[in-house]
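Undergrad: Coordinates in data-v1.pdb, PDB, C-alpha atoms and all ligand atoms, are listed below.
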```pdb
ATOM      1  CA  MET A   1     250.357-137.679 -14.902
ATOM      2  CA  GLN A   2     251.422-136.555 -18.381
ATOM      3  CA  VAL A   3     249.659-133.387 -19.448
ATOM      4  CA  PHE A   4     249.680-132.678 -23.167
ATOM      5  CA  ASP A   5     250.946-129.197 -23.951
ATOM      6  CA  PRO A   6     249.461-128.116 -27.312
ATOM      7  CA  LEU A   7     252.099-125.404 -27.682
ATOM      8  CA  SER A   8     254.957-127.898 -27.717
ATOM      9  CA  VAL A   9     254.130-129.262 -31.181
ATOM     10  CA  ILE A  10     253.719-125.942 -32.973
ATOM     11  CA  TYR A  11     257.341-125.416 -33.985
ATOM     12  CA  LYS A  12     257.444-128.746 -35.762
ATOM     13  CA  SER A  13     254.272-127.932 -37.663
ATOM     14  CA  VAL A  14     255.454-124.443 -38.606
ATOM     15  CA  GLY A  15     258.705-125.992 -39.778
ATOM     16  CA  SER A  16     261.238-123.143 -39.526
ATOM     17  CA  GLU A  17     262.034-119.976 -37.617
ATOM     18  CA  GLU A  18     261.189-117.545 -40.414
ATOM     19  CA  PRO A  19     257.402-117.400 -39.799
ATOM     20  CA  TYR A  20     258.084-116.447 -36.152
ATOM     21  CA  TYR A  21     260.008-113.393 -37.309
ATOM     22  CA  ARG A  22     257.092-112.515 -39.614
ATOM     23  CA  LEU A  23     254.701-112.911 -36.679
ATOM     24  CA  VAL A  24     256.828-110.666 -34.481
ATOM     25  CA  ASP A  25     257.300-108.038 -37.235
ATOM     26  CA  THR A  26     253.540-107.910 -37.768
ATOM     27  CA  PHE A  27     252.906-107.648 -34.021
ATOM     28  CA  TYR A  28     255.502-104.901 -33.608
ATOM     29  CA  ALA A  29     254.037-102.906 -36.522
ATOM     30  CA  GLY A  30     250.868-102.793 -34.402
ATOM     31  CA  VAL A  31     252.829-101.771 -31.290
ATOM     32  CA  GLU A  32     254.609 -99.012 -33.200
ATOM     33  CA  ALA A  33     251.314 -97.439 -34.246
ATOM     34  CA  ASP A  34     249.645 -97.840 -30.827
ATOM     35  CA  ALA A  35     249.412 -94.780 -28.600
ATOM     36  CA  VAL A  36     249.036 -96.905 -25.438
ATOM     37  CA  LEU A  37     251.881 -99.346 -26.095
ATOM     38  CA  ARG A  38     254.480 -97.374 -28.052
ATOM     39  CA  PRO A  39     255.569 -95.197 -25.092
ATOM     40  CA  ILE A  40     256.223 -98.294 -22.940
ATOM     41  CA  TYR A  41     258.651 -99.821 -25.433
ATOM     42  CA  PRO A  42     262.224 -98.592 -25.869
ATOM     43  CA  GLU A  43     263.175 -96.419 -28.824
ATOM     44  CA  ASP A  44     265.083 -99.240 -30.508
ATOM     45  CA  LEU A  45     262.613-102.073 -31.079
ATOM     46  CA  GLY A  46     265.190-104.398 -32.667
ATOM     47  CA  PRO A  47     266.473-106.323 -29.616
ATOM     48  CA  GLY A  48     262.958-106.821 -28.206
ATOM     49  CA  LYS A  49     261.752-108.255 -31.527
ATOM     50  CA  LYS A  50     264.553-110.776 -31.581
ATOM     51  CA  HIS A  51     263.973-111.797 -27.955
ATOM     52  CA  LEU A  52     260.233-112.239 -28.458
ATOM     53  CA  ALA A  53     260.780-114.377 -31.564
ATOM     54  CA  GLN A  54     263.365-116.539 -29.795
ATOM     55  CA  PHE A  55     261.134-116.897 -26.733
ATOM     56  CA  LEU A  56     258.188-118.037 -28.868
ATOM     57  CA  ILE A  57     260.357-120.457 -30.857
ATOM     58  CA  GLN A  58     261.571-122.008 -27.599
ATOM     59  CA  ARG A  59     258.127-122.067 -25.962
ATOM     60  CA  THR A  60     256.625-123.909 -28.944
ATOM     61  CA  GLY A  61     259.242-126.656 -29.134
ATOM     62  CA  GLY A  62     262.020-125.089 -31.234
ATOM     63  CA  ALA A  63     265.616-124.133 -30.438
ATOM     64  CA  THR A  64     266.421-123.015 -26.879
ATOM     65  CA  THR A  65     268.471-119.995 -28.007
ATOM     66  CA  TYR A  66     266.327-117.733 -25.819
ATOM     67  CA  SER A  67     267.318-119.381 -22.530
ATOM     68  CA  ASP A  68     270.836-120.116 -23.727
ATOM     69  CA  GLU A  69     271.364-116.378 -24.220
ATOM     70  CA  ARG A  70     268.965-114.763 -21.738
ATOM     71  CA  GLY A  71     268.726-117.339 -18.929
ATOM     72  CA  HIS A  72     265.464-118.379 -17.289
ATOM     73  CA  PRO A  73     262.532-116.509 -18.912
ATOM     74  CA  ARG A  74     261.186-114.996 -15.586
ATOM     75  CA  MET A  75     258.670-113.163 -17.728
ATOM     76  CA  ARG A  76     256.733-111.492 -14.936
ATOM     77  CA  GLY A  77     259.936-110.144 -13.416
ATOM     78  CA  ARG A  78     261.205-108.905 -16.776
ATOM     79  CA  HIS A  79     257.957-106.977 -17.269
ATOM     80  CA  MET A  80     257.985-105.318 -13.843
ATOM     81  CA  PRO A  81     259.778-102.166 -15.084
ATOM     82  CA  PHE A  82     256.826-101.486 -17.423
ATOM     83  CA  LYS A  83     253.457-100.246 -16.249
ATOM     84  CA  ILE A  84     251.030-102.920 -17.452
ATOM     85  CA  GLY A  85     247.365-102.478 -16.606
ATOM     86  CA  VAL A  86     244.239-103.877 -18.274
ATOM     87  CA  LYS A  87     244.439-101.264 -21.046
ATOM     88  CA  GLU A  88     248.006-102.240 -21.966
ATOM     89  CA  ARG A  89     247.162-105.942 -21.715
ATOM     90  CA  ASP A  90     244.171-105.578 -24.024
ATOM     91  CA  ALA A  91     246.172-103.578 -26.588
ATOM     92  CA  TRP A  92     248.970-106.177 -26.530
ATOM     93  CA  VAL A  93     246.518-109.055 -27.029
ATOM     94  CA  LYS A  94     244.722-107.196 -29.844
ATOM     95  CA  HIS A  95     247.943-106.774 -31.848
ATOM     96  CA  MET A  96     249.107-110.324 -31.180
ATOM     97  CA  THR A  97     245.706-111.722 -32.208
ATOM     98  CA  ALA A  98     245.882-109.812 -35.491
ATOM     99  CA  ALA A  99     249.463-111.028 -36.058
ATOM    100  CA  VAL A 100     248.568-114.694 -35.431
ATOM    101  CA  HIS A 101     245.766-114.452 -37.994
ATOM    102  CA  ALA A 102     248.008-112.641 -40.488
ATOM    103  CA  VAL A 103     250.669-115.365 -40.726
ATOM    104  CA  PRO A 104     249.169-118.473 -42.388
ATOM    105  CA  GLU A 105     251.614-120.933 -40.762
ATOM    106  CA  PHE A 106     250.051-120.163 -37.360
ATOM    107  CA  GLU A 107     246.403-120.226 -38.355
ATOM    108  CA  LYS A 108     245.730-123.848 -37.430
ATOM    109  CA  HIS A 109     247.294-123.252 -34.016
ATOM    110  CA  SER A 110     245.512-119.970 -33.436
ATOM    111  CA  GLU A 111     243.201-121.321 -30.753
ATOM    112  CA  ALA A 112     246.028-122.706 -28.587
ATOM    113  CA  LEU A 113     248.217-119.661 -29.196
ATOM    114  CA  LEU A 114     245.525-117.118 -28.420
ATOM    115  CA  GLU A 115     244.571-118.978 -25.257
ATOM    116  CA  PHE A 116     248.237-118.899 -24.190
ATOM    117  CA  PHE A 117     248.751-115.231 -25.089
ATOM    118  CA  GLY A 118     245.527-114.164 -23.393
ATOM    119  CA  SER A 119     246.273-115.823 -20.059
ATOM    120  CA  PHE A 120     249.980-114.982 -20.128
ATOM    121  CA  ALA A 121     249.202-111.332 -20.816
ATOM    122  CA  THR A 122     246.752-111.237 -17.888
ATOM    123  CA  PHE A 123     249.510-112.681 -15.689
ATOM    124  CA  MET A 124     251.806-109.773 -16.774
ATOM    125  CA  ILE A 125     249.442-107.151 -15.310
ATOM    126  CA  ASN A 126     251.334-105.402 -12.529
ATOM    127  CA  GLN A 127     249.330-102.189 -11.958
ATOM    128  CA  ALA A 128     245.761-101.241 -11.178
ATOM    129  CA  GLU A 129     244.596 -98.715 -13.813
TER     130      GLU A 129
HETATM  131  C1  LIG A 201     250.469-107.662 -21.300
HETATM  132  C2  LIG A 201     251.016-106.743 -22.075
HETATM  133  C3  LIG A 201     252.482-106.690 -22.385
HETATM  134  C4  LIG A 201     253.219-105.556 -22.498
HETATM  135  C5  LIG A 201     252.710-104.138 -22.374
HETATM  136  C6  LIG A 201     254.588-105.960 -22.772
HETATM  137  C7  LIG A 201     255.640-105.095 -22.923
HETATM  138  C8  LIG A 201     256.952-105.456 -23.094
HETATM  139  C9  LIG A 201     258.065-104.549 -23.161
HETATM  140  C10 LIG A 201     257.960-103.031 -23.060
HETATM  141  C11 LIG A 201     259.179-105.273 -23.340
HETATM  142  C12 LIG A 201     260.637-104.762 -23.468
HETATM  143  C13 LIG A 201     261.005-104.747 -24.919
HETATM  144  C14 LIG A 201     262.465-104.397 -25.138
HETATM  145  O1  LIG A 201     263.274-104.458 -24.206
HETATM  146  O2  LIG A 201     262.794-104.060 -26.286
HETATM  147  C15 LIG A 201     258.779-106.663 -23.373
HETATM  148  C16 LIG A 201     259.644-107.709 -23.543
HETATM  149  C17 LIG A 201     259.253-108.991 -23.736
HETATM  150  N1  LIG A 201     257.963-109.467 -23.681
HETATM  151 FE1  LIG A 201     256.319-108.413 -23.236
HETATM  152  N2  LIG A 201     254.658-107.324 -22.832
HETATM  153  C18 LIG A 201     253.386-107.823 -22.612
HETATM  154  C19 LIG A 201     253.024-109.140 -22.621
HETATM  155  C20 LIG A 201     253.838-110.178 -23.019
HETATM  156  C21 LIG A 201     253.420-111.532 -23.215
HETATM  157  C22 LIG A 201     251.990-112.036 -23.016
HETATM  158  C23 LIG A 201     254.521-112.233 -23.619
HETATM  159  C24 LIG A 201     254.683-113.679 -23.986
HETATM  160  C25 LIG A 201     253.728-114.453 -24.383
HETATM  161  C26 LIG A 201     255.629-111.320 -23.667
HETATM  162  C27 LIG A 201     256.910-111.644 -24.026
HETATM  163  C28 LIG A 201     257.988-110.810 -23.977
HETATM  164  C29 LIG A 201     259.363-111.208 -24.223
HETATM  165  C30 LIG A 201     259.849-112.599 -24.559
HETATM  166  C31 LIG A 201     260.162-110.078 -24.057
HETATM  167  C32 LIG A 201     261.699-109.990 -24.167
HETATM  168  C33 LIG A 201     262.273-110.246 -22.781
HETATM  169  C34 LIG A 201     263.784-110.193 -22.781
HETATM  170  O3  LIG A 201     264.323-109.080 -22.666
HETATM  171  O4  LIG A 201     264.425-111.251 -22.865
HETATM  172  N3  LIG A 201     255.184-110.090 -23.298
HETATM  173  N4  LIG A 201     257.429-106.746 -23.224
END
```
Take the structure in the file and write it out as structure tokens.

TA:
Amino acid sequence: MQVFDPLSVIYKSVGSEEPYYRLVDTFYAGVEADAVLRPIYPEDLGPGKKHLAQFLIQRTGGATTYSDERGHPRMRGRHMPFKIGVKERDAWVKHMTAAVHAVPEFEKHSEALLEFFGSFATFMINQAE
């Protein structure tokens, strides 16, 4: 059975990589100012921003630079070194929700994106509070 993946058409609709970097910059501005999330992230936020943008480009049907450079995403494993409970998950989703609404190219895909981010972020939880 073919299952339609609404995320797979987003890159084509957005049209270029630039809005993804705007999305990630907006999201990270929220992380930087967040007392729950900031301590979890490394001092230099640059590499993480690039990886998140490349991951999202790939996940939504764009270039596969993320996997070409970083290998299989293994997202849950990559997040294991960080303590992620419900509080961290909710803060992450709050900043990503604001970022999706702040970048006009993503607005018409906000429902599919926020559904994806919400369930993916719940899957990243690796600690009881
Ligand atoms: C649930 C709350 C989450 C927290 C607290 C969190 C935290 C982090 C942290 C601390 C890093 C390392 C950043 C760095 O090395 O500079 C990271 C990397 C990353 N996160 Fe999350 N994350 C969360 C959820 C998510 C979700 C839902 C996604 C995807 C939809 C995601 C995608 C990524 C990606 C792609 C990377 C880069 C991995 C790499 O090194 O290749 N994260 N995250």

Undergrad: Can you report as lines of an AutoDock Vina configuration file the centre and edge lengths in Å, to one decimal, of an axis-aligned box around the listed atoms of ligand LIG 201 (chain A) padded with 4 Å on each side?

TA:
```
center_x = 257.4
center_y = -108.7
center_z = -23.8
size_x = 22.0
size_y = 19.4
size_z = 13.0
```

Undergrad: Do a neighbour search on region 7-21 of chain A at 9 Å with all atoms listed in the file, toss out local chain neighbours closer than 5 positions, and write the hits as an NGL selection string.

TA: :A and (26 or 49-50 or 52-54 or 56-62 or 103-106 or 109 or 112-113 or 116)

Undergrad: Return as a PyMOL selection string every polymer residue, whether protein, DNA or RNA, with at least one atom no more than 7 Å from an atom of ligand LIG 201 (chain A); count only C-alpha atoms and all ligand atoms.

TA: chain A and resi 37+40-42+44-49+51-52+55+70+73+75+78-79+82+84+88-89+92+117-118+120-122+124-125

Undergrad: Rounded to one decimal in Å, what is the spacing between CA of Met96 (chain A) and CA of Leu114 (chain A)?

TA: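 If I compute the distance from CA of Met96 (chain A) to CA of Leu114 (chain A), I get 8.2 Å.
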
Undergrad: To verify the selection step, state as number ranges by chain which residues the PyMOL selection byres (((chain A and resi 34) around 12) and not hetatm) yields on this input.

TA: A: 27-33, 35-41, 87-88, 90-92, 94-95

Undergrad: Please compute the CA of Gln127 (chain A)-CA of Val86 (chain A) distance, one decimal, in Å.

TA: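 Between these atoms lies a distance of 8.3 Å.
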
Undergrad: One number please: CA of Val3 (chain A) to CA of Ser119 (chain A), in Å, one decimal.

TA: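 Distance between the two atoms: 17.9 Å.
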
Undergrad: Between A:Phe4, A:Ala63, A:His72, A:Ala98, which has the minimum distance to Val24 (chain A) (counting all atoms listed in the file)?

TA: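 Looking only at the distances to Val24 (chain A), the closest residue turns out to be A:Ala98.
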